[in-house]
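Here's query33.txt, which has compact mmCIF, C-alpha atoms and all ligand atoms:
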```txt
# COMPACT_ATOMS: atom_id res chain seq x y z
CA MET A 1 -6.60 5.28 17.16
CA LYS A 2 -7.32 2.00 18.86
CA ILE A 3 -8.16 -0.91 16.57
CA LYS A 4 -11.35 -2.37 17.99
CA SER A 5 -12.25 -4.49 15.00
CA ALA A 6 -10.66 -5.50 11.70
CA GLU A 7 -12.73 -7.73 9.52
CA PHE A 8 -12.18 -9.22 6.07
CA ILE A 9 -15.22 -8.37 3.95
CA MET A 10 -14.63 -9.61 0.40
CA SER A 11 -12.28 -10.19 -2.52
CA ASN A 12 -13.13 -8.92 -5.99
CA SER A 13 -11.73 -8.45 -9.43
CA ASN A 14 -14.46 -5.99 -10.28
CA VAL A 15 -14.66 -2.67 -8.46
CA MET A 16 -18.38 -2.48 -9.24
CA LYS A 17 -18.91 -5.41 -6.85
CA ALA A 18 -16.92 -3.86 -4.00
CA PRO A 19 -18.77 -2.88 -0.77
CA THR A 20 -21.30 -0.15 -1.37
CA GLU A 21 -21.20 1.37 2.14
CA ARG A 22 -20.01 4.96 1.99
CA MET A 23 -17.04 4.85 4.34
CA PRO A 24 -13.64 6.48 3.91
CA GLU A 25 -11.34 4.07 2.11
CA TYR A 26 -7.54 3.74 2.04
CA ALA A 27 -5.69 1.53 -0.43
CA PHE A 28 -2.25 -0.10 -0.38
CA ILE A 29 -0.45 -0.52 -3.67
CA GLY A 30 3.14 -1.20 -4.73
CA ARG A 31 5.43 -3.73 -6.35
CA SER A 32 4.83 -7.40 -5.67
CA ASN A 33 6.51 -8.51 -2.46
CA VAL A 34 7.05 -4.96 -1.14
CA GLY A 35 5.11 -5.90 2.01
CA LYS A 36 1.55 -4.58 1.51
CA SER A 37 -0.24 -7.50 3.13
CA SER A 38 2.31 -7.75 5.97
CA LEU A 39 1.86 -4.08 6.71
CA ILE A 40 -1.91 -4.46 6.97
CA ASN A 41 -1.45 -7.26 9.51
CA MET A 42 1.07 -5.22 11.49
CA LEU A 43 -1.14 -2.11 11.54
CA MET A 44 -4.19 -4.10 12.61
CA GLU A 45 -2.17 -6.23 15.06
CA ARG A 46 -3.54 -9.36 13.41
CA LYS A 47 -1.33 -12.17 12.19
CA ASP A 48 -3.37 -13.59 9.35
CA LEU A 49 -5.86 -10.94 8.34
CA ALA A 50 -4.19 -10.43 4.95
CA LYS A 51 -2.45 -13.37 3.29
CA ILE A 52 1.29 -13.00 2.90
CA SER A 53 3.98 -14.98 1.10
CA GLY A 54 7.71 -14.94 0.42
CA LYS A 55 6.81 -15.49 -3.24
CA PRO A 56 5.73 -12.38 -5.18
CA GLY A 57 2.23 -12.37 -6.64
CA LYS A 58 0.39 -13.61 -3.55
CA THR A 59 -2.43 -11.04 -3.51
CA GLN A 60 -4.36 -11.31 -6.77
CA LEU A 61 -7.64 -9.54 -6.03
CA ILE A 62 -9.01 -6.35 -4.50
CA ASN A 63 -9.43 -7.19 -0.80
CA HIS A 64 -11.64 -5.08 1.45
CA PHE A 65 -11.16 -4.98 5.22
CA LYS A 66 -13.55 -3.07 7.44
CA ILE A 67 -11.86 -1.34 10.36
CA ASN A 68 -13.66 -0.23 13.55
CA GLU A 69 -16.92 -0.30 11.55
CA GLU A 70 -15.79 3.12 10.28
CA TRP A 71 -13.38 2.82 7.37
CA PHE A 72 -12.04 0.41 4.78
CA LEU A 73 -8.50 -0.70 4.20
CA VAL A 74 -7.86 -2.23 0.77
CA ASP A 75 -5.10 -4.68 -0.08
CA LEU A 76 -4.35 -4.74 -3.79
CA PRO A 77 -2.29 -7.06 -5.99
CA GLY A 78 1.30 -5.96 -6.55
CA TYR A 79 2.46 -4.60 -9.86
CA GLY A 80 5.69 -5.29 -11.72
CA TYR A 81 5.92 -9.00 -11.13
CA ALA A 82 7.64 -10.27 -14.28
CA SER A 83 6.76 -13.95 -13.88
CA VAL A 84 3.02 -13.35 -14.07
CA SER A 85 1.90 -14.14 -17.64
CA LYS A 86 1.37 -11.18 -19.93
CA LYS A 87 -2.34 -11.91 -20.26
CA LYS A 88 -2.78 -11.97 -16.51
CA ARG A 89 -0.80 -8.75 -16.16
CA VAL A 90 -3.09 -6.99 -18.59
CA ILE A 91 -6.15 -8.17 -16.64
CA PHE A 92 -4.57 -7.02 -13.35
CA GLN A 93 -3.74 -3.67 -14.80
CA TYR A 94 -7.25 -3.27 -16.08
CA PHE A 95 -9.00 -3.94 -12.81
CA ILE A 96 -6.52 -2.02 -10.71
CA GLU A 97 -6.84 0.99 -13.00
CA ASN A 98 -10.61 0.69 -12.84
CA TYR A 99 -10.52 0.50 -9.07
CA PHE A 100 -8.64 3.81 -8.89
CA LYS A 101 -10.78 5.51 -11.49
CA GLU A 102 -14.15 4.37 -10.15
CA ARG A 103 -13.81 4.22 -6.38
CA GLU A 104 -15.25 7.54 -5.25
CA GLN A 105 -14.86 6.85 -1.52
CA LEU A 106 -11.11 6.35 -1.90
CA VAL A 107 -9.58 9.02 0.34
CA CYS A 108 -5.89 8.29 0.05
CA THR A 109 -3.64 5.72 -1.59
CA PHE A 110 -0.46 4.51 0.03
CA VAL A 111 2.28 3.67 -2.44
CA LEU A 112 4.65 1.22 -0.77
CA ILE A 113 8.36 1.40 -1.57
CA ASP A 114 11.03 -0.97 -0.27
CA SER A 115 13.35 1.20 1.87
CA ARG A 116 16.38 -0.42 0.26
CA HIS A 117 15.51 0.53 -3.30
CA ASP A 118 16.20 3.60 -5.41
CA PRO A 119 13.28 5.09 -7.34
CA GLN A 120 12.17 2.70 -10.06
CA LYS A 121 10.34 3.58 -13.22
CA ILE A 122 7.32 1.45 -12.46
CA ASP A 123 6.74 3.22 -9.11
CA LEU A 124 7.27 6.67 -10.59
CA ASP A 125 4.90 5.80 -13.43
CA PHE A 126 2.30 4.66 -10.94
CA MET A 127 2.59 7.89 -8.93
CA GLN A 128 2.26 9.77 -12.21
CA PHE A 129 -0.95 7.83 -12.96
CA LEU A 130 -2.35 8.72 -9.52
CA GLY A 131 -1.41 12.36 -10.00
CA GLU A 132 -3.04 12.50 -13.43
CA ASN A 133 -6.25 11.08 -11.96
CA GLN A 134 -6.20 13.48 -8.98
CA ILE A 135 -5.90 10.65 -6.49
CA PRO A 136 -4.12 11.79 -3.31
CA PHE A 137 -1.28 9.53 -2.25
CA CYS A 138 1.34 9.08 0.45
CA ILE A 139 4.50 7.00 0.34
CA ILE A 140 5.19 4.22 2.80
CA PHE A 141 8.78 3.02 2.99
CA THR A 142 8.70 -0.63 4.05
CA LYS A 143 11.09 -3.19 5.55
CA ALA A 144 13.06 -0.53 7.45
CA ASP A 145 14.45 -3.30 9.69
CA LYS A 146 16.50 -4.56 6.76
CA LEU A 147 18.94 -1.60 6.89
CA GLY A 148 21.04 -0.10 9.66
CA SER A 149 19.88 3.32 10.80
CA SER A 150 22.54 5.45 9.08
CA LYS A 151 22.21 3.57 5.77
CA LEU A 152 18.43 3.81 6.10
CA ASN A 153 18.47 7.57 6.63
CA LYS A 154 20.80 8.07 3.70
CA GLN A 155 18.65 5.92 1.46
CA ILE A 156 15.38 7.69 2.35
CA THR A 157 16.95 11.14 1.98
CA SER A 158 18.30 10.21 -1.42
CA TYR A 159 14.94 8.74 -2.50
CA LYS A 160 13.13 11.95 -1.59
CA LYS A 161 15.74 14.04 -3.39
CA LYS A 162 15.23 12.01 -6.55
CA LEU A 163 11.45 12.31 -6.22
CA LEU A 164 11.81 16.07 -6.25
CA GLN A 165 13.18 15.77 -9.77
CA HIS A 166 9.71 14.55 -10.78
CA TRP A 167 7.40 16.35 -8.35
CA GLU A 168 7.31 19.92 -7.09
CA THR A 169 6.44 18.90 -3.56
CA LEU A 170 6.99 15.71 -1.65
CA PRO A 171 4.02 13.61 -0.59
CA THR A 172 3.63 12.73 3.09
CA SER A 173 5.74 9.68 3.82
CA PHE A 174 6.03 7.06 6.54
CA LEU A 175 8.87 4.77 7.50
CA THR A 176 7.66 1.32 8.55
CA SER A 177 8.66 -2.18 9.46
CA SER A 178 6.18 -5.00 9.81
CA ASN A 179 8.72 -6.87 11.90
CA THR A 180 9.26 -4.16 14.53
CA SER A 181 5.93 -2.25 14.16
CA LEU A 182 7.87 0.91 13.34
CA GLY A 183 5.53 3.57 11.96
CA ARG A 184 2.30 2.06 13.31
CA THR A 185 1.33 4.99 15.59
CA GLU A 186 2.20 7.60 12.96
CA PHE A 187 0.10 5.83 10.34
CA LEU A 188 -2.94 5.41 12.59
CA ASN A 189 -2.70 9.03 13.78
CA PHE A 190 -2.64 10.12 10.16
CA ILE A 191 -5.82 8.16 9.37
CA ASP A 192 -7.47 9.60 12.50
CA GLY A 193 -6.64 13.11 11.34
CA VAL A 194 -7.99 12.56 7.83
CA ASN A 195 -11.16 10.80 9.00
CA GLU A 196 -11.93 13.72 11.34
CA ASP A 197 -11.61 16.32 8.56
P1 LIG B 201 2.06 -9.44 -3.13
O1 LIG B 201 0.75 -9.75 -2.49
O2 LIG B 201 2.71 -10.65 -3.74
O3 LIG B 201 2.03 -8.28 -4.05
O4 LIG B 201 3.13 -9.06 -1.95
P2 LIG B 201 2.95 -8.05 -0.72
O5 LIG B 201 3.39 -6.70 -1.12
O6 LIG B 201 1.60 -8.19 -0.12
O7 LIG B 201 4.07 -8.62 0.29
P3 LIG B 201 3.87 -9.55 1.57
O8 LIG B 201 3.26 -8.79 2.68
O9 LIG B 201 3.24 -10.83 1.14
O10 LIG B 201 5.41 -9.78 2.00
C1 LIG B 201 6.38 -10.27 1.10
C2 LIG B 201 7.58 -10.83 1.87
O11 LIG B 201 8.27 -9.77 2.54
C3 LIG B 201 7.20 -11.81 2.97
O12 LIG B 201 8.18 -12.84 3.00
C4 LIG B 201 7.25 -10.99 4.25
O13 LIG B 201 7.54 -11.75 5.39
C5 LIG B 201 8.38 -10.01 3.94
N1 LIG B 201 8.20 -8.73 4.66
C6 LIG B 201 7.12 -7.92 4.59
N2 LIG B 201 7.27 -6.83 5.37
C7 LIG B 201 8.47 -6.95 5.95
C8 LIG B 201 9.21 -6.13 6.89
O14 LIG B 201 8.77 -5.05 7.34
N3 LIG B 201 10.45 -6.57 7.27
C9 LIG B 201 10.99 -7.74 6.78
N4 LIG B 201 12.20 -8.07 7.19
N5 LIG B 201 10.31 -8.54 5.91
C10 LIG B 201 9.08 -8.16 5.51
MG MG B 202 -0.09 -9.13 -0.79
```

Spell out the structure here as structure tokens.
Amino acid sequence: MKIKSAEFIMSNSNVMKAPTERMPEYAFIGRSNVGKSSLINMLMERKDLAKISGKPGKTQLINHFKINEEWFLVDLPGYGYASVSKKKRVIFQYFIENYFKEREQLVCTFVLIDSRHDPQKIDLDFMQFLGENQIPFCIIFTKADKLGSSKLNKQITSYKKKLLQHWETLPTSFLTSSNTSLGRTEFLNFIDGVNED
């Protein structure tokens, strides 16, 4: 797929106010700072489409981007950021949950996992939530540039092995780096395939 246009449409805390056009939609979710917004910029080859920060908690709303006038990419706030006040966390949780439960045009969710990390409860719990709500998801391993190739392979293999203790089959997964553009073609080919179905 060639990216002909990538346009920020709107930010929302209420899924009911999200764009009403019936286009296939793909959402990025994961821990704060895992690299969701950076990945969107890398995939779209745009530097500042989604706002990024070294400090966790940058993205605080549901952000819709329209791609090629054909599909939506959604950047969501990260979960698991301890320094966000409890009240704010509850609000986040509420509107993120609502987004997943209400958004009928959501085709697939990408759960982002830092390539360096072992499975963490919060990510497993989130995958469980998606599973319980019949929301298809893939895993995107991020920041692959931060590990050498043999360590990286070992880490990903071990992650998948541990996932199989929780799931009967493994979801489709991608290995990416926003610094080197690793995984860009595979991701866009995947979206092409799903949109054609
Ligand atoms: P929140 O919006 O706070 O939930 O964070 P996010 O998941 O959107 O992360 P963001 O894209 O803002 O990136 C967080 C930090 O990680 C930034 O300092 C990025 O530069 C860095 N980062 C993101 N992706 C990569 C990557 O592939 N490689 C490296 N080395 N750094 C990355
Ligand atoms: Mg972000």

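With distances restricted to all atoms listed in the file, A:Val34 is the closest residue to ligand MG 202 (chain B) from A:Leu43, A:Val34, A:Val15, A:Ile67.
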
Counting all atoms listed in the file, give me one row per residue of chain A with an atom at most 10 Å from an atom of ligand LIG 201 (chain B), showing the shortest contact pair and its distance in Å to one decimal, sorted by chain then residue number, as JSON lines.
```
{"residue": "A:Phe28", "atom": "CA", "partner": "B:LIG201", "partner_atom": "O5", "distance": 8.7}
{"residue": "A:Ile29", "atom": "CA", "partner": "B:LIG201", "partner_atom": "O5", "distance": 7.7}
{"residue": "A:Gly30", "atom": "CA", "partner": "B:LIG201", "partner_atom": "O5", "distance": 6.6}
{"residue": "A:Arg31", "atom": "CA", "partner": "B:LIG201", "partner_atom": "O3", "distance": 6.1}
{"residue": "A:Ser32", "atom": "CA", "partner": "B:LIG201", "partner_atom": "O3", "distance": 3.4}
{"residue": "A:Asn33", "atom": "CA", "partner": "B:LIG201", "partner_atom": "O4", "distance": 3.5}
{"residue": "A:Val34", "atom": "CA", "partner": "B:LIG201", "partner_atom": "O5", "distance": 4.1}
{"residue": "A:Gly35", "atom": "CA", "partner": "B:LIG201", "partner_atom": "O7", "distance": 3.4}
{"residue": "A:Lys36", "atom": "CA", "partner": "B:LIG201", "partner_atom": "O5", "distance": 3.8}
{"residue": "A:Ser37", "atom": "CA", "partner": "B:LIG201", "partner_atom": "O8", "distance": 3.8}
{"residue": "A:Ser38", "atom": "CA", "partner": "B:LIG201", "partner_atom": "O8", "distance": 3.6}
{"residue": "A:Leu39", "atom": "CA", "partner": "B:LIG201", "partner_atom": "N2", "distance": 6.2}
{"residue": "A:Ile40", "atom": "CA", "partner": "B:LIG201", "partner_atom": "O8", "distance": 8.0}
{"residue": "A:Asn41", "atom": "CA", "partner": "B:LIG201", "partner_atom": "O8", "distance": 8.4}
{"residue": "A:Met42", "atom": "CA", "partner": "B:LIG201", "partner_atom": "O14", "distance": 8.7}
{"residue": "A:Ala50", "atom": "CA", "partner": "B:LIG201", "partner_atom": "O8", "distance": 8.0}
{"residue": "A:Lys51", "atom": "CA", "partner": "B:LIG201", "partner_atom": "O9", "distance": 6.6}
{"residue": "A:Ile52", "atom": "CA", "partner": "B:LIG201", "partner_atom": "O9", "distance": 3.4}
{"residue": "A:Ser53", "atom": "CA", "partner": "B:LIG201", "partner_atom": "O9", "distance": 4.2}
{"residue": "A:Gly54", "atom": "CA", "partner": "B:LIG201", "partner_atom": "O12", "distance": 3.4}
{"residue": "A:Lys55", "atom": "CA", "partner": "B:LIG201", "partner_atom": "O2", "distance": 6.4}
{"residue": "A:Pro56", "atom": "CA", "partner": "B:LIG201", "partner_atom": "O2", "distance": 3.8}
{"residue": "A:Gly57", "atom": "CA", "partner": "B:LIG201", "partner_atom": "O2", "distance": 3.4}
{"residue": "A:Lys58", "atom": "CA", "partner": "B:LIG201", "partner_atom": "O2", "distance": 3.8}
{"residue": "A:Thr59", "atom": "CA", "partner": "B:LIG201", "partner_atom": "O1", "distance": 3.6}
{"residue": "A:Gln60", "atom": "CA", "partner": "B:LIG201", "partner_atom": "O1", "distance": 6.8}
{"residue": "A:Leu61", "atom": "CA", "partner": "B:LIG201", "partner_atom": "O1", "distance": 9.1}
{"residue": "A:Asp75", "atom": "CA", "partner": "B:LIG201", "partner_atom": "O6", "distance": 7.6}
{"residue": "A:Leu76", "atom": "CA", "partner": "B:LIG201", "partner_atom": "O1", "distance": 7.3}
{"residue": "A:Pro77", "atom": "CA", "partner": "B:LIG201", "partner_atom": "O3", "distance": 4.9}
{"residue": "A:Gly78", "atom": "CA", "partner": "B:LIG201", "partner_atom": "O3", "distance": 3.5}
{"residue": "A:Tyr79", "atom": "CA", "partner": "B:LIG201", "partner_atom": "O3", "distance": 6.9}
{"residue": "A:Gly80", "atom": "CA", "partner": "B:LIG201", "partner_atom": "O3", "distance": 9.0}
{"residue": "A:Tyr81", "atom": "CA", "partner": "B:LIG201", "partner_atom": "O3", "distance": 8.1}
{"residue": "A:Leu112", "atom": "CA", "partner": "B:LIG201", "partner_atom": "O5", "distance": 8.0}
{"residue": "A:Ile113", "atom": "CA", "partner": "B:LIG201", "partner_atom": "O5", "distance": 9.5}
{"residue": "A:Asp114", "atom": "CA", "partner": "B:LIG201", "partner_atom": "O14", "distance": 8.9}
{"residue": "A:Ser115", "atom": "CA", "partner": "B:LIG201", "partner_atom": "O14", "distance": 9.5}
{"residue": "A:Phe141", "atom": "CA", "partner": "B:LIG201", "partner_atom": "O14", "distance": 9.2}
{"residue": "A:Thr142", "atom": "CA", "partner": "B:LIG201", "partner_atom": "O14", "distance": 5.5}
{"residue": "A:Lys143", "atom": "CA", "partner": "B:LIG201", "partner_atom": "O14", "distance": 3.5}
{"residue": "A:Ala144", "atom": "CA", "partner": "B:LIG201", "partner_atom": "O14", "distance": 6.2}
{"residue": "A:Asp145", "atom": "CA", "partner": "B:LIG201", "partner_atom": "N3", "distance": 5.7}
{"residue": "A:Lys146", "atom": "CA", "partner": "B:LIG201", "partner_atom": "N4", "distance": 5.6}
{"residue": "A:Leu147", "atom": "CA", "partner": "B:LIG201", "partner_atom": "N4", "distance": 9.3}
{"residue": "A:Leu175", "atom": "CA", "partner": "B:LIG201", "partner_atom": "O14", "distance": 9.8}
{"residue": "A:Thr176", "atom": "CA", "partner": "B:LIG201", "partner_atom": "O14", "distance": 6.6}
{"residue": "A:Ser177", "atom": "CA", "partner": "B:LIG201", "partner_atom": "O14", "distance": 3.6}
{"residue": "A:Ser178", "atom": "CA", "partner": "B:LIG201", "partner_atom": "O14", "distance": 3.6}
{"residue": "A:Asn179", "atom": "CA", "partner": "B:LIG201", "partner_atom": "O14", "distance": 4.9}
{"residue": "A:Thr180", "atom": "CA", "partner": "B:LIG201", "partner_atom": "O14", "distance": 7.3}
{"residue": "A:Ser181", "atom": "CA", "partner": "B:LIG201", "partner_atom": "O14", "distance": 7.9}
{"residue": "A:Leu182", "atom": "CA", "partner": "B:LIG201", "partner_atom": "O14", "distance": 8.5}
```

The residues within 12 Å of (5.8, 7.0, -10.7), using only C-alpha atoms and the coordinates of the file, should be reported as a count of residues only; which are they?
27

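Using only C-alpha atoms, the shortest contact distance between Lys151 (chain A) and any of A:Asn195, A:Arg116, A:Phe65, A:Leu170 is found at A:Arg116.
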
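Across the model, the gap from CA of Lys160 (chain A) to CA of Asp118 (chain A) is 9.7 Å.
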
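Between ligand MG 202 (chain B) and the residues A:Lys2, A:Asn133, A:Met16, A:Val74, the shortest atom-to-atom distance, using all atoms listed in the file, involves A:Val74.
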
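We find CA of Thr169 (chain A) and CA of Gln93 (chain A) to be spaced 27.2 Å apart.
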
Take every atom of region 70-78 of chain A listed in the file, pad by 5 Å on each side, and give me the axis-aligned box centre and edge lengths in Å, one decimal, as JSON.
```
{"center_x": -7.2, "center_y": -2.0, "center_z": 1.9, "size_x": 27.1, "size_y": 20.2, "size_z": 26.8}
```

Neighbour list for Phe8 (chain A) as a VMD selection string, cut-off 7 Å, all atoms listed in the file, skip fewer than 6 positions in-chain
chain A and resid 49 64 to 66

As an exercise, work out the distance from CA of Thr157 (chain A) to CA of Phe187 (chain A) in Å and give it to one decimal place.
19.5 Å

Which residue out of A:Ile9, A:Ile62, A:Ile140, A:Ile156 has the minimum interatomic distance to ligand MG 202 (chain B) when all atoms listed in the file are used?
A:Ile62

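Considering only C-alpha atoms and all ligand atoms, the residue among A:Glu70, A:Asp48, A:Glu104, A:Asp197 positioned nearest to ligand MG 202 (chain B) is A:Asp48.
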
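For the set A:Asn63, A:Arg46, A:Lys86, A:Ser173, the residue with the smallest atom-to-atom gap to ligand MG 202 (chain B) is A:Asn63, counting all atoms listed in the file.
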
Can you list, as JSON, numbers by chain, every protein, DNA or RNA residue that comes within 12 Å of Ile191 (chain A) when you count all atoms listed in the file, leaving out same-chain residues fewer than 6 positions away?
{"A": [1, 2, 3, 24, 25, 26, 27, 43, 67, 70, 71, 72, 73, 107, 108, 109, 110, 138, 184, 185, 197]}

Can I get a file of region 44-65 of chain A from the given structure, C-alpha atoms kept, as a compact mmCIF listing (two decimals), in the first residue's frame?
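Everything below was put into selection_25.txt:
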```txt
# COMPACT_ATOMS: atom_id res chain seq x y z
CA MET A 44 2.58 7.09 7.60
CA GLU A 45 6.04 8.53 6.88
CA ARG A 46 5.04 11.73 8.64
CA LYS A 47 7.11 13.29 11.39
CA ASP A 48 4.48 15.05 13.45
CA LEU A 49 1.16 13.48 12.57
CA ALA A 50 0.78 11.97 16.06
CA LYS A 51 2.29 13.79 19.03
CA ILE A 52 5.09 11.93 20.77
CA SER A 53 7.04 12.48 23.98
CA GLY A 54 9.80 10.91 26.06
CA LYS A 55 7.47 11.33 29.04
CA PRO A 56 4.73 8.69 29.41
CA GLY A 57 1.13 9.88 29.28
CA LYS A 58 1.44 12.09 26.20
CA THR A 59 -1.62 10.85 24.31
CA GLN A 60 -4.70 11.46 26.44
CA LEU A 61 -7.58 11.22 23.98
CA ILE A 62 -8.93 9.02 21.20
CA ASN A 63 -7.26 10.39 18.04
CA HIS A 64 -8.64 9.58 14.60
CA PHE A 65 -6.47 9.75 11.48
```
